[in-house]
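*Asks:* Just query_8.cif, nothing more (mmCIF, C-alpha atoms):
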data_query
loop_
_atom_site.label_atom_id
_atom_site.label_comp_id
_atom_site.auth_asym_id
_atom_site.auth_seq_id
_atom_site.Cartn_x
_atom_site.Cartn_y
_atom_site.Cartn_z
CA MET B 9 31.70 -47.05 -45.32
CA SER B 10 31.03 -50.50 -46.70
CA PHE B 11 33.50 -53.35 -47.01
CA PHE B 12 33.96 -53.10 -50.79
CA ALA B 13 34.14 -49.37 -50.68
CA ASN B 14 37.04 -49.65 -48.27
CA ILE B 15 38.89 -52.09 -50.51
CA PHE B 16 38.47 -50.09 -53.68
CA GLY B 17 39.13 -46.79 -51.99
CA LYS B 18 35.78 -45.19 -52.74
CA LYS B 19 35.54 -41.41 -52.61
CA GLU B 20 34.64 -39.47 -49.47
CA SER B 21 31.34 -40.05 -47.68
CA SER B 22 28.18 -38.29 -48.80
CA ALA B 23 27.82 -36.69 -45.36
CA SER B 24 31.16 -34.93 -45.67
CA VAL B 25 30.18 -33.67 -49.11
CA ALA B 26 26.92 -32.37 -47.59
CA ARG B 27 28.87 -30.66 -44.82
CA ASP B 28 31.22 -28.91 -47.23
CA ARG B 29 28.44 -27.81 -49.57
CA LEU B 30 26.44 -26.40 -46.67
CA LYS B 31 29.42 -24.46 -45.37
CA VAL B 32 29.99 -22.82 -48.74
CA VAL B 33 26.33 -21.98 -49.31
CA LEU B 34 25.82 -20.60 -45.81
CA ALA B 35 28.96 -18.49 -45.85
CA HIS B 36 27.52 -16.77 -48.88
CA GLU B 37 23.96 -16.48 -47.56
CA ARG B 38 24.99 -15.18 -44.16
CA ALA B 39 26.87 -12.32 -45.79
CA SER B 40 23.83 -11.25 -47.74
CA ASN B 41 21.62 -11.66 -44.71
CA ALA B 42 23.85 -9.71 -42.35
CA LEU B 43 21.37 -6.87 -41.95
CA PRO B 44 18.03 -8.40 -41.03
CA TYR B 45 16.74 -4.96 -40.01
CA MET B 46 17.16 -3.73 -43.58
CA GLU B 47 13.47 -3.36 -44.43
CA ASP B 48 12.68 -1.45 -41.24
CA MET B 49 15.72 0.74 -41.69
CA LYS B 50 14.76 1.48 -45.28
CA ALA B 51 11.27 2.54 -44.26
CA GLU B 52 12.59 4.83 -41.54
CA ILE B 53 15.17 6.46 -43.78
CA MET B 54 12.47 6.98 -46.37
CA GLU B 55 10.32 8.78 -43.78
CA VAL B 56 13.15 11.11 -42.84
CA ILE B 57 13.98 11.98 -46.43
CA LYS B 58 10.32 12.54 -47.23
CA LYS B 59 10.27 15.28 -44.64
CA TYR B 60 12.79 17.31 -46.61
CA THR B 61 12.41 16.31 -50.20
CA LYS B 62 10.41 14.13 -52.54
CA VAL B 63 11.66 10.60 -52.63
CA LYS B 64 10.53 7.86 -54.93
CA ASP B 65 12.53 4.88 -53.87
CA ILE B 66 15.61 3.76 -52.00
CA HIS B 67 17.96 0.98 -52.99
CA ILE B 68 20.33 -0.33 -50.37
CA SER B 69 22.98 -2.90 -51.14
CA THR B 70 25.78 -4.44 -49.15
CA GLN B 71 29.24 -5.23 -50.42
CA SER B 72 32.20 -6.84 -48.80
CA ASN B 73 35.68 -5.95 -49.98
CA GLN B 74 38.31 -7.83 -48.04
CA ASN B 75 37.88 -6.46 -44.53
CA ILE B 76 35.58 -3.59 -45.31
CA ASP B 77 31.81 -3.97 -45.37
CA VAL B 78 30.13 -1.28 -47.41
CA LEU B 79 26.54 -0.21 -47.29
CA GLU B 80 25.54 1.57 -50.47
CA MET B 81 22.41 3.67 -50.60
CA GLU B 82 20.84 5.09 -53.70
CA ILE B 83 18.03 7.56 -53.21
CA ILE B 84 15.86 8.17 -56.23
CA LEU B 85 14.03 11.49 -56.16
CA LYS B 86 10.75 12.21 -57.81
CA MET U 233 8.19 -17.03 -13.48
CA SER U 234 6.62 -18.20 -16.68
CA ILE U 235 8.49 -18.49 -19.94
CA VAL U 236 7.41 -18.26 -23.56
CA ILE U 237 9.07 -20.86 -25.77
CA THR U 238 8.59 -20.80 -29.54
CA VAL U 239 9.19 -23.99 -31.48
CA THR U 240 10.23 -23.19 -35.01
CA SER U 241 12.05 -24.39 -38.12
CA GLY U 242 12.98 -23.04 -41.51
CA LYS U 243 11.75 -25.92 -43.56
CA GLY U 244 8.31 -27.43 -43.10
CA GLY U 245 7.71 -31.06 -42.27
CA VAL U 246 10.71 -31.55 -40.02
CA GLY U 247 8.62 -32.45 -36.99
CA LYS U 248 7.93 -29.11 -35.39
CA SER U 249 4.41 -29.79 -34.16
CA THR U 250 5.25 -33.36 -33.18
CA THR U 251 8.12 -32.09 -31.08
CA LEU U 252 5.95 -29.43 -29.50
CA ALA U 253 3.17 -31.87 -28.65
CA ASN U 254 5.62 -34.24 -27.01
CA ILE U 255 7.55 -31.74 -24.93
CA ALA U 256 4.27 -30.12 -23.89
CA VAL U 257 3.16 -33.46 -22.46
CA GLY U 258 6.64 -34.02 -21.04
CA MET U 259 6.77 -30.77 -19.09
CA ALA U 260 3.19 -31.18 -17.89
CA ASP U 261 4.13 -34.63 -16.58
CA GLU U 262 7.05 -32.99 -14.77
CA GLY U 263 4.48 -30.96 -12.87
CA LYS U 264 4.53 -27.69 -14.80
CA LYS U 265 1.38 -25.95 -15.92
CA VAL U 266 1.72 -25.89 -19.68
CA VAL U 267 -0.27 -24.33 -22.50
CA ALA U 268 0.40 -25.23 -26.14
CA VAL U 269 -0.66 -22.47 -28.50
CA ASP U 270 -0.98 -23.19 -32.22
CA PHE U 271 0.09 -20.10 -34.17
CA ASP U 272 0.14 -21.85 -37.51
CA ILE U 273 -2.90 -19.87 -38.61
CA GLY U 274 -4.81 -21.45 -41.46
CA LEU U 275 -3.05 -24.80 -41.12
CA ARG U 276 -4.31 -26.28 -37.88
CA ASN U 277 -2.35 -29.40 -36.91
CA LEU U 278 -1.42 -29.51 -33.28
CA ASP U 279 -4.97 -30.56 -32.33
CA MET U 280 -4.62 -33.91 -34.10
CA LEU U 281 -1.18 -34.58 -32.68
CA LEU U 282 -2.58 -34.11 -29.19
CA GLY U 283 -5.74 -36.05 -30.05
CA LEU U 284 -7.96 -33.09 -29.15
CA GLU U 285 -9.46 -32.23 -32.54
CA ASN U 286 -13.00 -33.16 -31.50
CA ARG U 287 -13.12 -30.75 -28.60
CA ILE U 288 -12.45 -27.50 -30.43
CA VAL U 289 -15.14 -24.85 -30.14
CA TYR U 290 -13.20 -21.59 -30.18
CA ASN U 291 -9.68 -20.77 -31.33
CA VAL U 292 -6.83 -18.42 -30.59
CA ILE U 293 -8.10 -15.73 -32.97
CA ASP U 294 -11.54 -15.80 -31.33
CA VAL U 295 -9.81 -15.09 -28.02
CA MET U 296 -7.72 -12.26 -29.43
CA GLU U 297 -10.73 -10.68 -31.08
CA GLY U 298 -12.82 -10.98 -27.94
CA LYS U 299 -15.39 -13.34 -29.43
CA CYS U 300 -15.00 -15.60 -26.41
CA ASN U 301 -13.01 -15.57 -23.24
CA LEU U 302 -9.84 -17.52 -22.69
CA THR U 303 -11.32 -20.27 -20.54
CA GLN U 304 -13.89 -21.04 -23.21
CA ALA U 305 -11.21 -21.60 -25.80
CA LEU U 306 -8.68 -23.53 -23.70
CA ILE U 307 -8.92 -27.29 -24.06
CA ASN U 308 -7.69 -29.54 -21.27
CA ASP U 309 -5.66 -32.59 -22.27
CA LYS U 310 -7.31 -35.99 -21.89
CA HIS U 311 -4.63 -37.37 -19.59
CA SER U 312 -3.00 -34.45 -17.86
CA LYS U 313 -4.73 -31.78 -15.83
CA ASN U 314 -1.58 -29.65 -16.20
CA LEU U 315 -1.74 -29.42 -19.96
CA PHE U 316 -3.96 -27.07 -21.96
CA PHE U 317 -4.21 -26.39 -25.66
CA LEU U 318 -5.26 -23.32 -27.64
CA PRO U 319 -6.04 -24.20 -31.28
CA ALA U 320 -5.19 -22.20 -34.40
CA SER U 321 -7.98 -20.71 -36.46
CA GLN U 322 -8.52 -21.97 -39.98
CA THR U 323 -9.01 -18.64 -41.62
CA ASN U 324 -7.27 -17.92 -44.90
CA ASP U 325 -6.59 -14.37 -43.80
CA LYS U 326 -2.86 -14.19 -43.16
CA ASN U 327 -3.11 -10.74 -41.62
CA VAL U 328 -5.42 -11.75 -38.83
CA LEU U 329 -2.66 -11.75 -36.20
CA ASN U 330 -1.80 -8.44 -34.66
CA LYS U 331 1.25 -7.80 -32.51
CA GLN U 332 -0.54 -5.89 -29.78
CA LYS U 333 -3.18 -8.59 -29.43
CA VAL U 334 -0.57 -11.32 -29.40
CA LYS U 335 1.18 -9.48 -26.60
CA GLU U 336 -2.02 -9.14 -24.57
CA LEU U 337 -2.84 -12.81 -25.04
CA LEU U 338 0.61 -13.91 -23.89
CA GLU U 339 0.46 -11.60 -20.86
CA THR U 340 -2.85 -13.20 -19.86
CA LEU U 341 -1.49 -16.71 -20.38
CA LYS U 342 1.58 -15.89 -18.31
CA LYS U 343 -0.63 -15.30 -15.29
CA GLU U 344 -1.97 -18.84 -15.43
CA PHE U 345 0.79 -20.99 -16.87
CA ASP U 346 4.45 -21.78 -16.16
CA ILE U 347 5.29 -22.67 -19.73
CA ILE U 348 3.76 -21.18 -22.87
CA LEU U 349 4.72 -23.19 -25.94
CA ILE U 350 4.08 -21.57 -29.30
CA ASP U 351 3.90 -23.62 -32.48
CA SER U 352 5.20 -21.35 -35.21
CA PRO U 353 4.52 -21.75 -38.90
CA ALA U 354 7.52 -22.87 -40.94
CA GLY U 355 9.44 -20.28 -42.87
CA ILE U 356 10.01 -16.59 -42.44
CA GLU U 357 6.71 -15.04 -43.51
CA GLY U 358 4.10 -13.14 -41.49
CA GLY U 359 2.97 -15.72 -38.95
CA PHE U 360 6.53 -16.49 -37.92
CA GLU U 361 7.06 -12.89 -36.91
CA HIS U 362 4.18 -13.02 -34.44
CA ALA U 363 5.18 -16.41 -33.11
CA ILE U 364 8.69 -15.23 -32.29
CA ALA U 365 8.01 -11.60 -31.27
CA TYR U 366 7.58 -12.24 -27.53
CA ALA U 367 9.56 -15.45 -27.12
CA ASP U 368 12.06 -15.84 -24.30
CA ARG U 369 13.46 -18.93 -25.94
CA ALA U 370 13.39 -20.48 -29.37
CA LEU U 371 13.80 -24.16 -30.11
CA ILE U 372 14.90 -24.67 -33.70
CA ILE U 373 14.06 -28.06 -35.14
CA SER U 374 16.17 -29.45 -37.96
CA THR U 375 16.62 -32.85 -39.53
CA PRO U 376 20.15 -33.77 -40.57
CA ASP U 377 19.78 -32.96 -44.25
CA VAL U 378 21.08 -30.08 -46.33
CA SER U 379 17.83 -28.25 -47.03
CA SER U 380 16.60 -28.41 -43.45
CA VAL U 381 19.91 -27.22 -41.99
CA ARG U 382 20.21 -24.45 -44.55
CA ASP U 383 16.72 -23.15 -43.83
CA ALA U 384 17.30 -23.47 -40.08
CA ASP U 385 20.34 -21.24 -40.45
CA ARG U 386 18.28 -18.63 -42.22
CA VAL U 387 15.61 -18.64 -39.53
CA ILE U 388 18.22 -18.37 -36.79
CA GLY U 389 19.58 -15.31 -38.59
CA ILE U 390 16.29 -13.45 -38.40
CA ILE U 391 14.96 -14.49 -34.97
CA ASP U 392 16.63 -11.57 -33.24
CA ALA U 393 15.46 -9.15 -35.92
CA LYS U 394 11.85 -10.08 -35.23
CA SER U 395 12.08 -10.33 -31.47
CA GLU U 396 10.93 -7.66 -29.03
CA LYS U 397 13.40 -8.97 -26.50
CA ALA U 398 16.27 -8.40 -28.92
CA HIS U 399 15.04 -4.87 -29.62
CA LYS U 400 15.41 -4.17 -25.91
CA GLY U 401 19.00 -5.33 -26.08
CA GLU U 402 18.43 -8.76 -24.58
CA GLU U 403 18.85 -12.00 -26.46
CA VAL U 404 16.42 -14.78 -27.26
CA GLU U 405 17.94 -18.04 -26.00
CA LYS U 406 18.20 -20.36 -28.97
CA TYR U 407 18.63 -24.12 -28.92
CA VAL U 408 18.73 -26.78 -31.58
CA ILE U 409 16.81 -30.05 -31.64
CA ILE U 410 18.01 -32.51 -34.28
CA ASN U 411 15.16 -34.73 -35.34
CA ARG U 412 14.95 -38.05 -37.21
CA ILE U 413 18.55 -39.12 -36.85
CA LYS U 414 19.23 -42.50 -38.47
CA PRO U 415 22.20 -43.98 -36.61
CA GLU U 416 22.99 -46.55 -39.34
CA LEU U 417 23.27 -43.82 -41.95
CA VAL U 418 25.38 -41.63 -39.70
CA GLU U 419 27.72 -44.55 -39.03
CA ARG U 420 27.99 -45.26 -42.75
CA GLY U 421 28.88 -41.64 -43.44
CA ASP U 422 25.67 -41.00 -45.32
CA MET U 423 24.04 -38.63 -42.85
CA LEU U 424 25.32 -35.46 -41.20
CA THR U 425 26.36 -36.12 -37.62
CA THR U 426 25.04 -34.18 -34.62
CA GLU U 427 28.44 -32.46 -34.41
CA ASP U 428 28.26 -31.46 -38.09
CA VAL U 429 24.87 -29.81 -37.62
CA LEU U 430 25.91 -28.02 -34.43
CA ASN U 431 29.14 -26.80 -36.00
CA ILE U 432 27.24 -25.32 -38.89
CA LEU U 433 24.41 -23.73 -36.89
CA ALA U 434 26.71 -22.63 -34.05
CA LEU U 435 24.05 -22.99 -31.37
CA PRO U 436 23.79 -25.18 -28.26
CA LEU U 437 22.01 -28.50 -28.50
CA ILE U 438 19.00 -29.36 -26.36
CA GLY U 439 17.91 -32.64 -27.93
CA ILE U 440 18.55 -35.40 -30.41
CA VAL U 441 15.66 -37.55 -31.52
CA PRO U 442 16.19 -40.82 -33.41
CA ASP U 443 14.05 -41.60 -36.42
CA CYS U 444 11.37 -43.90 -35.11
CA GLU U 445 8.55 -45.69 -36.90
CA LYS U 446 6.46 -45.69 -33.77
CA VAL U 447 6.00 -41.93 -34.11
CA ILE U 448 3.82 -42.51 -37.15
CA SER U 449 1.42 -44.86 -35.39
CA SER U 450 1.32 -42.66 -32.32
CA THR U 451 0.43 -39.70 -34.54
CA ASN U 452 -2.28 -41.80 -36.16
CA MET U 453 -3.73 -42.43 -32.73
CA GLY U 454 -3.37 -38.87 -31.46
CA GLU U 455 -1.26 -40.09 -28.55
CA PRO U 456 2.14 -38.37 -28.29
CA ILE U 457 4.95 -40.94 -28.36
CA ILE U 458 6.39 -39.55 -25.12
CA ARG U 459 3.79 -41.59 -23.25
CA ASP U 460 5.16 -44.79 -24.81
CA LEU U 461 7.74 -45.82 -22.25
CA LYS U 462 9.36 -48.33 -24.60
CA ALA U 463 10.00 -46.02 -27.56
CA GLU U 464 13.47 -44.53 -27.89
CA SER U 465 12.07 -41.32 -29.37
CA GLY U 466 9.71 -41.01 -26.41
CA GLU U 467 12.74 -41.26 -24.14
CA ALA U 468 14.42 -38.53 -26.18
CA TYR U 469 11.41 -36.22 -25.70
CA ARG U 470 11.32 -36.90 -21.96
CA HIS U 471 14.98 -35.90 -21.82
CA ILE U 472 14.35 -32.70 -23.79
CA SER U 473 11.49 -31.75 -21.46
CA ARG U 474 13.70 -32.14 -18.43
CA ARG U 475 16.55 -30.19 -20.03
CA ILE U 476 14.22 -27.30 -20.81
CA LEU U 477 13.29 -27.24 -17.13
CA GLY U 478 16.95 -26.88 -16.26
CA GLU U 479 17.97 -30.42 -15.45
CA GLU U 480 21.17 -31.91 -16.86
CA VAL U 481 20.31 -35.11 -18.65
CA GLU U 482 22.79 -37.28 -20.48
CA TYR U 483 22.21 -37.66 -24.22
CA LEU U 484 20.95 -40.93 -25.66
CA ASP U 485 23.60 -43.16 -27.16
CA LEU U 486 22.53 -43.34 -30.77
CA SER U 487 25.40 -45.46 -32.04
CA VAL U 488 24.42 -48.67 -33.75
CA LYS U 489 24.52 -51.23 -30.99
CA LYS U 490 23.09 -54.40 -32.40
CA VAL U 491 24.50 -55.92 -35.55
CA SER U 492 21.49 -57.63 -37.03
CA LEU U 493 21.85 -60.16 -39.83
CA LYS U 494 20.05 -57.81 -42.20
CA GLY U 495 22.26 -54.94 -41.16
CA PHE U 496 25.33 -57.11 -41.64
CA PHE U 497 24.42 -58.04 -45.21
CA HIS U 498 23.45 -54.49 -45.94
CA GLU U 499 26.79 -53.30 -44.72
CA PHE U 500 28.56 -55.84 -46.89
CA PHE U 501 26.82 -55.34 -50.16
CA CYS U 502 25.65 -51.76 -50.29
#
When written as structure tokens, how does the structure in this file appear?

*Replies:*
Amino acid sequence: MSFFANIFGKKESSASVARDRLKVVLAHERASNALPYMEDMKAEIMEVIKKYTKVKDIHISTQSNQNIDVLEMEIILK
Amino acid sequence: MSIVITVTSGKGGVGKSTTLANIAVGMADEGKKVVAVDFDIGLRNLDMLLGLENRIVYNVIDVMEGKCNLTQALINDKHSKNLFFLPASQTNDKNVLNKQKVKELLETLKKEFDIILIDSPAGIEGGFEHAIAYADRALIISTPDVSSVRDADRVIGIIDAKSEKAHKGEEVEKYVIINRIKPELVERGDMLTTEDVLNILALPLIGIVPDCEKVISSTNMGEPIIRDLKAESGEAYRHISRRILGEEVEYLDLSVKKVSLKGFFHEFFC
């Protein structure tokens, strides 16, 4: 913090702004990236379903409600 | 017992290959038999950093496809008999790597070398997967800026998903190297501190490297800076090499020591 900045009470340092912005962004991204195995899992589930019925596509999404993490799966049949 | 160490980063251009070249030399100088393997297929770079670009005949893909044998492709370093280099191919075919062949190559290398260092491509696409699949350890390089740290976090999140070791229930040891720290900026509050970065990434530190102009000229010359005994960054790389080999080495003091006239005026008027 420079001399004049100290005198005139300049706002917080750019590094602390960077730190706070990163924390917010990463908290969000980590939640959406919590299941890195997703693609593999999707492929395997698809294989299993194919054995019994005709499947076109699978959509999996994650949601967090307070303390409950929900995995939603939508199976679209042919 | 030999170990496979993958050097990686989320963002490109943060000094991944430079770091790898330097710690490869560092560990070879500590007496280990080291091989540096460039897995950045299509974008060959490590050869120039090691100053070995004129000696390449075969590359890592040639070895995996059986077009030559390993000893034909391995290039010995100019200065160290302990250090060998296996160059990347320059093919545009991104699908040329194959997990089974990567595994076989690493098993062969393990018989001859103590340390196998893999230079991974930046990012999270195909090549990264192969570079990390059989790693015992991962060194994640980040500079102290928002985009580099953010991308590092993302890569850290998927290392275990791509690792064979993690699939077997073990964990890849992960460490952070913070590169290009500018002590004046940190002191002024204009650059994330080492603590900031570690807090965010939540991983142990294995090295801090100060930003150093000498790195540019040493890269120009193809002589890793670690061999420059006067450079502070070279010192940092020597420390990292020793830490990887299990030694406890104190971290460099990167606080601003000397108050130069220029620095003083800068401080006053900026």

*Asks:* Between U:Arg475, U:Lys264, U:Lys313, U:Lys333, which is the closest to Leu437 (chain U) once you count all atoms listed in the file?

*Replies:*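 Under the stated criterion, the closest residue is U:Arg475.
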
*Asks:* For CA of Glu405 (chain U) and CA of Lys342 (chain U), quote the distance in Å rounded to one decimal.

*Replies:*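 Atom-to-atom, CA of Glu405 (chain U) to CA of Lys342 (chain U), that is 18.2 Å.
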
*Asks:* Determine the nearest neighbour of chain B from the options U:Val378, U:Ile440, U:Leu433, U:Leu461, counting all atoms listed in the file.

*Replies:*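 Comparing U:Val378, U:Ile440, U:Leu433, U:Leu461 against chain B, the winner is U:Val378.
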
*Asks:* Please evaluate the PyMOL selection byres ((chain U) within 12 of (chain B)) against the displayed coordinates and give the resulting residues as a PyMOL selection string.

*Replies:* chain U and resi 356+376-395+398-399+416-434+495-502

*Asks:* Residue by residue, what does the PyMOL selection byres ((chain U and resi 406) around 7) grab here? Present the result as a list in words.

*Replies:* Arg369, Ala370, Leu371, Val404, Glu405, Tyr407, Val408 and Leu435 of chain U

*Asks:* In Å, with one decimal, what is the gap from CA of Ser241 (chain U) to CA of Ile350 (chain U)?

*Replies:*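 Spanning CA of Ser241 (chain U) to CA of Ile350 (chain U) is a straight-line distance of 12.2 Å.
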
*Asks:* Which residues fall under the PyMOL selection byres ((chain U and resi 362) around 10) in this file, as a PyMOL selection string?

*Replies:* chain U and resi 271+329-335+350+352-353+357-361+363-367+394-395

*Asks:* I want to know what sits within 9 Å of Pro456 (chain U), based on only C-alpha atoms, with residues of the same chain fewer than 5 positions away left out; could you give that as a list in words?

*Replies:*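 Near Pro456 (chain U), the qualifying residues are Thr250, Ala253, Asn254, Val257, Leu281, Leu282, Gly283, Val447, Ser450, Thr451 and Gly466 of chain U.
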
*Asks:* Rank U:Leu275, U:Ile373, U:Ile457, U:Met233 by their smallest atom-to-atom distance to Ser321 (chain U), using only C-alpha atoms, and report the top residue only.

*Replies:*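 Going through U:Leu275, U:Ile373, U:Ile457, U:Met233 one by one, the smallest distance to Ser321 (chain U) is for U:Leu275.
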
*Asks:* Could you give me the axis-aligned bounding box of region 298-315 of chain U, with 6 Å of padding per side, as centre plus edge lengths in Å to one decimal, as AutoDock Vina command-line options?

*Replies:*
--center_x -8.5 --center_y -24.2 --center_z -22.6 --size_x 25.8 --size_y 38.4 --size_z 25.6

*Asks:* For Phe345 (chain U), work out the shell of residues within 12 Å, counting all atoms listed in the file and skipping chain neighbours fewer than 5 positions away, then give it as a PyMOL selection string.

*Replies:* chain U and resi 233-236+259-260+263-269+306+314-317+338-340

*Asks:* Using all atoms listed in the file, find the one residue out of B:Lys86, B:Ala39, B:Ile53, B:Val32 that sits nearest to Ile68 (chain B).

*Replies:*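 So, comparing all the options, the nearest one is B:Ile53.
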
*Asks:* Go through U:Gly258, U:Lys326, U:Gly401, U:Asn286 and flag the residue nearest Asp460 (chain U), using all atoms listed in the file for the distances.

*Replies:*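 Comparing U:Gly258, U:Lys326, U:Gly401, U:Asn286 against Asp460 (chain U), the winner is U:Gly258.
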
*Asks:* Can you fill out region 235-259 of chain U with N, CA and C atoms and hand it back as a short mmCIF file (atom, residue, chain, number, x, y, z; two decimals), in the coordinates of the input?

*Replies:*
data_model
loop_
_atom_site.label_atom_id
_atom_site.label_comp_id
_atom_site.auth_asym_id
_atom_site.auth_seq_id
_atom_site.Cartn_x
_atom_site.Cartn_y
_atom_site.Cartn_z
N ILE U 235 7.69 -18.77 -18.75
CA ILE U 235 8.49 -18.49 -19.94
C ILE U 235 7.72 -18.85 -21.21
N VAL U 236 8.01 -18.04 -22.24
CA VAL U 236 7.41 -18.26 -23.56
C VAL U 236 8.47 -18.93 -24.44
N ILE U 237 8.13 -20.12 -24.93
CA ILE U 237 9.07 -20.86 -25.77
C ILE U 237 8.43 -21.08 -27.14
N THR U 238 9.10 -20.61 -28.18
CA THR U 238 8.59 -20.80 -29.54
C THR U 238 9.35 -21.94 -30.21
N VAL U 239 8.58 -22.87 -30.76
CA VAL U 239 9.19 -23.99 -31.48
C VAL U 239 9.09 -23.67 -32.97
N THR U 240 10.24 -23.64 -33.63
CA THR U 240 10.23 -23.19 -35.01
C THR U 240 11.20 -23.98 -35.88
N SER U 241 11.12 -23.76 -37.18
CA SER U 241 12.05 -24.39 -38.12
C SER U 241 12.01 -23.58 -39.40
N GLY U 242 13.01 -23.74 -40.24
CA GLY U 242 12.98 -23.04 -41.51
C GLY U 242 12.13 -23.81 -42.50
N LYS U 243 12.45 -25.07 -42.61
CA LYS U 243 11.75 -25.92 -43.56
C LYS U 243 10.52 -26.53 -42.88
N GLY U 244 9.49 -26.77 -43.66
CA GLY U 244 8.31 -27.43 -43.10
C GLY U 244 8.50 -28.93 -43.06
N GLY U 245 7.69 -29.60 -42.28
CA GLY U 245 7.71 -31.06 -42.27
C GLY U 245 8.89 -31.71 -41.58
N VAL U 246 9.57 -30.95 -40.71
CA VAL U 246 10.71 -31.55 -40.02
C VAL U 246 10.35 -32.06 -38.62
N GLY U 247 9.07 -31.92 -38.27
CA GLY U 247 8.62 -32.45 -36.99
C GLY U 247 8.42 -31.40 -35.91
N LYS U 248 8.11 -30.21 -36.34
CA LYS U 248 7.93 -29.11 -35.39
C LYS U 248 6.76 -29.36 -34.44
N SER U 249 5.59 -29.60 -35.00
CA SER U 249 4.41 -29.79 -34.16
C SER U 249 4.49 -31.07 -33.34
N THR U 250 5.07 -32.10 -33.92
CA THR U 250 5.25 -33.36 -33.18
C THR U 250 6.14 -33.12 -31.97
N THR U 251 7.22 -32.39 -32.18
CA THR U 251 8.12 -32.09 -31.08
C THR U 251 7.39 -31.29 -30.01
N LEU U 252 6.65 -30.28 -30.45
CA LEU U 252 5.95 -29.43 -29.50
C LEU U 252 4.95 -30.23 -28.67
N ALA U 253 4.16 -31.08 -29.36
CA ALA U 253 3.17 -31.87 -28.65
C ALA U 253 3.84 -32.74 -27.59
N ASN U 254 4.94 -33.34 -27.94
CA ASN U 254 5.62 -34.24 -27.01
C ASN U 254 6.25 -33.52 -25.82
N ILE U 255 6.93 -32.42 -26.08
CA ILE U 255 7.55 -31.74 -24.93
C ILE U 255 6.50 -31.04 -24.07
N ALA U 256 5.36 -30.69 -24.69
CA ALA U 256 4.27 -30.12 -23.89
C ALA U 256 3.78 -31.15 -22.88
N VAL U 257 3.56 -32.37 -23.35
CA VAL U 257 3.16 -33.46 -22.46
C VAL U 257 4.25 -33.72 -21.43
N GLY U 258 5.51 -33.73 -21.92
CA GLY U 258 6.64 -34.02 -21.04
C GLY U 258 6.75 -33.05 -19.88
N MET U 259 6.63 -31.77 -20.16
CA MET U 259 6.77 -30.77 -19.09
C MET U 259 5.56 -30.77 -18.17
#
